[in-house]
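> Take a look at the following structure, please.
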Amino acid sequence: MTETDLAWMGTTVLVWAHPDDETYLSGGIAATLTAGGHRVVAVTATHGEAGGSDNTPAARAETAQIRAVELHEALALLGVSDHVWLGYEDGRCAEADAEPAVRRLAGLFDDVHPDTVVTFGPDGFTGHPDHRTVSHWVDRALEQCDASPRLLHAVATEQDRVDPQLDNDFGVFSLGQPRICAPHDVALRFPLGEDPLRRKVAALQAQASQTAGLIRAVGLERFTAWVAVEVFADPASAIDDDRRPAVSH
């Protein structure tokens, strides 16, 4: 469903693994919702300390600090003032005790009472283990909380994979592919208008430790086109349930 009016999403919680996930996958939605007066809460599982070229403990700590500052600036550009760190180690979410994260997310959902929760599907969009783990945490938290938001997963469609060569050149999906949905399985296809796209790109540029090299390599115009559509679907299990024929007793 292609839309430009997102008022139906209401209060929205975005749950992602690393700084910049929130902007790449849902920055346009966040900018549009906050511009419309809706509350958006962003949750980040790790500080992204593995996102630097040097993996020594001192360098990882420095990268974490840099990315925290960059994320703060990016969220401000998107109009998001509510942010929660879960504090897990980058690259180690799958090995960590899930219970504290699940309890904290369940408590957050009950406190915020969101209309919509946006996160990864079980594929993790890029296959990253942290992404896949965060999806699992959200599922479990929703089972435990009293809130009953609509859950949306980041997905792709064949029509919106506008630059597969860029994906290949930079190994975007080297760990795994996103869920590819047919148009009738998409809950929200959001082509970004001028203002949300401008704000999204500015927020990505603010996270220069992760984006500056890519933008230099491909050019700002190509990069902007690459991030100009955001696509989400209901969980695959829910779609499958809707398609099952009714059973008579």
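In the structure tokens, chains take the letters A, B, ... in the order shown, each chain's residues start at 1, and ligands count up from 1 in the order shown.
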List the spatial neighbours of A:Val102 as a list in words - criterion: any atom at most 7 Å away, only C-alpha atoms, same-chain residues fewer than 2 positions off excluded.
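The residues satisfying every condition are Ala98, Glu99, Pro100, Arg104, Leu105, Ala106, Trp137, Val138, Arg140 and Ala141 of chain A.
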> Please produce a file of those selected residues containing C-alpha atoms, as an mmCIF file, in the first residue's frame.

data_model
loop_
_atom_site.group_PDB
_atom_site.id
_atom_site.type_symbol
_atom_site.label_atom_id
_atom_site.label_comp_id
_atom_site.auth_asym_id
_atom_site.auth_seq_id
_atom_site.Cartn_x
_atom_site.Cartn_y
_atom_site.Cartn_z
ATOM 1 C CA ALA A 98 17.827 -11.974 26.243
ATOM 2 C CA GLU A 99 15.653 -11.678 29.347
ATOM 3 C CA PRO A 100 16.745 -8.183 30.436
ATOM 4 C CA ARG A 104 12.855 -3.749 29.267
ATOM 5 C CA LEU A 105 11.111 -3.661 25.891
ATOM 6 C CA ALA A 106 7.908 -5.059 27.370
ATOM 7 C CA TRP A 137 13.383 -9.754 21.451
ATOM 8 C CA VAL A 138 10.546 -7.615 20.127
ATOM 9 C CA ARG A 140 8.878 -11.922 22.983
ATOM 10 C CA ALA A 141 8.318 -8.508 24.515
#
> Hey, what's within 12 Å of A:Ala76 if we count only C-alpha atoms and toss same-chain stuff fewer than 6 positions away? As a ChimeraX atom specification, please?
/A:23,27,30-31,34-35,40,42,69-70,82-83,199-200,202-204,206
> Between atom CA of A:Asp54 and atom CA of A:Leu14, what is the spacing in Å?
29.1 Å
> Counting only C-alpha atoms, which residue out of A:Asp185, A:Glu221, A:Glu89, A:Asp163 sits closest to A:Arg198?
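With only C-alpha atoms as the atom set, the closest residue is A:Glu221.
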> For a quick check of understanding, using only C-alpha atoms, which of A:Leu75, A:Leu86, A:Ala50, A:Leu188 has the smallest distance to A:Gln207?
A:Leu75
> Among stretch 13-214 of chain A, which ones does DSSP place in helix (DSSP H, G or I), written as a ChimeraX atom specification?
/A:21-35,49-51,57-78,93-95,98-112,129-144,158-160,164-169,183-185,194-206,208-214
> Please save C-alpha atoms of the selected residues as an mmCIF file, in the first residue's frame.

data_model
loop_
_atom_site.group_PDB
_atom_site.id
_atom_site.type_symbol
_atom_site.label_atom_id
_atom_site.label_comp_id
_atom_site.auth_asym_id
_atom_site.auth_seq_id
_atom_site.Cartn_x
_atom_site.Cartn_y
_atom_site.Cartn_z
ATOM 1 C CA ASP A 21 19.591 1.439 11.383
ATOM 2 C CA GLU A 22 16.805 3.755 12.498
ATOM 3 C CA THR A 23 17.619 6.293 9.785
ATOM 4 C CA TYR A 24 18.339 3.956 6.901
ATOM 5 C CA LEU A 25 15.197 1.892 7.410
ATOM 6 C CA SER A 26 12.703 4.299 8.994
ATOM 7 C CA GLY A 27 14.122 7.822 8.922
ATOM 8 C CA GLY A 28 11.488 9.104 6.510
ATOM 9 C CA ILE A 29 8.684 7.653 8.595
ATOM 10 C CA ALA A 30 10.168 9.133 11.767
ATOM 11 C CA ALA A 31 10.546 12.587 10.183
ATOM 12 C CA THR A 32 6.998 12.509 8.835
ATOM 13 C CA LEU A 33 5.419 11.311 12.072
ATOM 14 C CA THR A 34 7.205 13.859 14.236
ATOM 15 C CA ALA A 35 6.349 16.659 11.787
ATOM 16 C CA GLU A 49 31.252 -0.071 18.468
ATOM 17 C CA ALA A 50 32.123 -2.728 15.905
ATOM 18 C CA GLY A 51 31.524 -0.246 13.096
ATOM 19 C CA PRO A 57 39.081 -2.247 22.958
ATOM 20 C CA ALA A 58 40.190 1.383 23.035
ATOM 21 C CA ALA A 59 39.146 1.943 19.417
ATOM 22 C CA ARG A 60 35.791 0.242 19.966
ATOM 23 C CA ALA A 61 35.120 2.502 22.931
ATOM 24 C CA GLU A 62 35.987 5.560 20.856
ATOM 25 C CA THR A 63 33.753 4.384 18.003
ATOM 26 C CA ALA A 64 30.896 3.885 20.453
ATOM 27 C CA GLN A 65 31.279 7.464 21.693
ATOM 28 C CA ILE A 66 31.423 8.852 18.167
ATOM 29 C CA ARG A 67 28.361 6.935 17.070
ATOM 30 C CA ALA A 68 26.398 7.986 20.148
ATOM 31 C CA VAL A 69 27.035 11.646 19.336
ATOM 32 C CA GLU A 70 26.190 11.066 15.674
ATOM 33 C CA LEU A 71 22.958 9.285 16.569
ATOM 34 C CA HIS A 72 21.907 12.110 18.872
ATOM 35 C CA GLU A 73 22.359 14.580 16.019
ATOM 36 C CA ALA A 74 20.581 12.329 13.529
ATOM 37 C CA LEU A 75 17.568 11.843 15.793
ATOM 38 C CA ALA A 76 17.353 15.598 16.341
ATOM 39 C CA LEU A 77 17.241 16.114 12.575
ATOM 40 C CA LEU A 78 14.405 13.575 12.390
ATOM 41 C CA CYS A 93 23.425 -9.735 20.913
ATOM 42 C CA ALA A 94 22.685 -13.332 19.943
ATOM 43 C CA GLU A 95 25.024 -14.574 22.683
ATOM 44 C CA ALA A 98 17.827 -11.974 26.243
ATOM 45 C CA GLU A 99 15.653 -11.678 29.347
ATOM 46 C CA PRO A 100 16.745 -8.183 30.436
ATOM 47 C CA ALA A 101 16.181 -6.829 26.927
ATOM 48 C CA VAL A 102 12.798 -8.531 26.627
ATOM 49 C CA ARG A 103 11.654 -7.256 30.021
ATOM 50 C CA ARG A 104 12.855 -3.749 29.267
ATOM 51 C CA LEU A 105 11.111 -3.661 25.891
ATOM 52 C CA ALA A 106 7.908 -5.059 27.370
ATOM 53 C CA GLY A 107 8.005 -2.390 30.057
ATOM 54 C CA LEU A 108 8.662 0.307 27.470
ATOM 55 C CA PHE A 109 5.725 -0.852 25.346
ATOM 56 C CA ASP A 110 3.454 -0.752 28.388
ATOM 57 C CA ASP A 111 4.719 2.715 29.374
ATOM 58 C CA VAL A 112 4.470 4.240 25.899
ATOM 59 C CA PRO A 129 22.792 -11.660 13.795
ATOM 60 C CA ASP A 130 22.165 -8.576 15.959
ATOM 61 C CA HIS A 131 19.286 -7.551 13.690
ATOM 62 C CA ARG A 132 17.746 -11.006 13.829
ATOM 63 C CA THR A 133 18.111 -11.122 17.598
ATOM 64 C CA VAL A 134 16.425 -7.761 18.063
ATOM 65 C CA SER A 135 13.484 -9.042 16.023
ATOM 66 C CA HIS A 136 13.198 -12.005 18.384
ATOM 67 C CA TRP A 137 13.383 -9.754 21.451
ATOM 68 C CA VAL A 138 10.546 -7.615 20.127
ATOM 69 C CA ASP A 139 8.384 -10.662 19.449
ATOM 70 C CA ARG A 140 8.878 -11.922 22.983
ATOM 71 C CA ALA A 141 8.318 -8.508 24.515
ATOM 72 C CA LEU A 142 5.026 -8.115 22.691
ATOM 73 C CA GLU A 143 3.925 -11.487 24.032
ATOM 74 C CA GLN A 144 4.646 -10.339 27.576
ATOM 75 C CA GLU A 158 11.600 -6.158 -6.321
ATOM 76 C CA GLN A 159 10.361 -2.828 -7.693
ATOM 77 C CA ASP A 160 12.083 -0.854 -4.946
ATOM 78 C CA PRO A 164 21.315 -3.676 -6.803
ATOM 79 C CA GLN A 165 24.792 -2.912 -8.106
ATOM 80 C CA LEU A 166 25.386 -0.624 -5.144
ATOM 81 C CA ASP A 167 24.120 -3.354 -2.827
ATOM 82 C CA ASN A 168 26.557 -5.814 -4.396
ATOM 83 C CA ASP A 169 29.544 -3.481 -4.532
ATOM 84 C CA PRO A 183 3.007 -5.689 -3.634
ATOM 85 C CA HIS A 184 -0.179 -7.167 -2.131
ATOM 86 C CA ASP A 185 1.763 -8.295 0.959
ATOM 87 C CA GLU A 194 11.026 16.283 -0.551
ATOM 88 C CA ASP A 195 11.107 17.298 3.122
ATOM 89 C CA PRO A 196 11.319 13.866 4.774
ATOM 90 C CA LEU A 197 13.895 12.733 2.221
ATOM 91 C CA ARG A 198 15.988 15.845 2.824
ATOM 92 C CA ARG A 199 15.839 15.278 6.589
ATOM 93 C CA LYS A 200 16.618 11.581 6.245
ATOM 94 C CA VAL A 201 19.667 12.205 4.085
ATOM 95 C CA ALA A 202 20.863 14.924 6.466
ATOM 96 C CA ALA A 203 20.473 12.489 9.369
ATOM 97 C CA LEU A 204 22.484 9.875 7.495
ATOM 98 C CA GLN A 205 25.163 12.431 6.685
ATOM 99 C CA ALA A 206 25.279 13.273 10.406
ATOM 100 C CA ALA A 208 29.489 10.327 8.952
ATOM 101 C CA SER A 209 31.582 7.579 10.522
ATOM 102 C CA GLN A 210 29.321 5.115 8.711
ATOM 103 C CA THR A 211 28.109 6.997 5.649
ATOM 104 C CA ALA A 212 30.743 9.464 4.494
ATOM 105 C CA GLY A 213 32.820 6.912 2.577
ATOM 106 C CA LEU A 214 29.795 5.475 0.804
#
> May I ask which of the residues A:Pro235, A:Gly87, A:Gly36, A:Pro19 is the closest one to A:Asp123, counting only C-alpha atoms?
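For A:Asp123, the nearest of the candidates is A:Pro235.
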> What is the atom CA of A:Val41 to atom CA of A:Thr12 distance in Å?
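According to the coordinates, atom CA of A:Val41 and atom CA of A:Thr12 are separated by 6.4 Å.
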> List every residue of stretch 27-185 of chain A that DSSP, applied to the backbone of this structure, places in strand (DSSP E or B), and write the result as an MDAnalysis selection string.
chainID A and resid 40:46 82:88 116:120 150:154 156 180
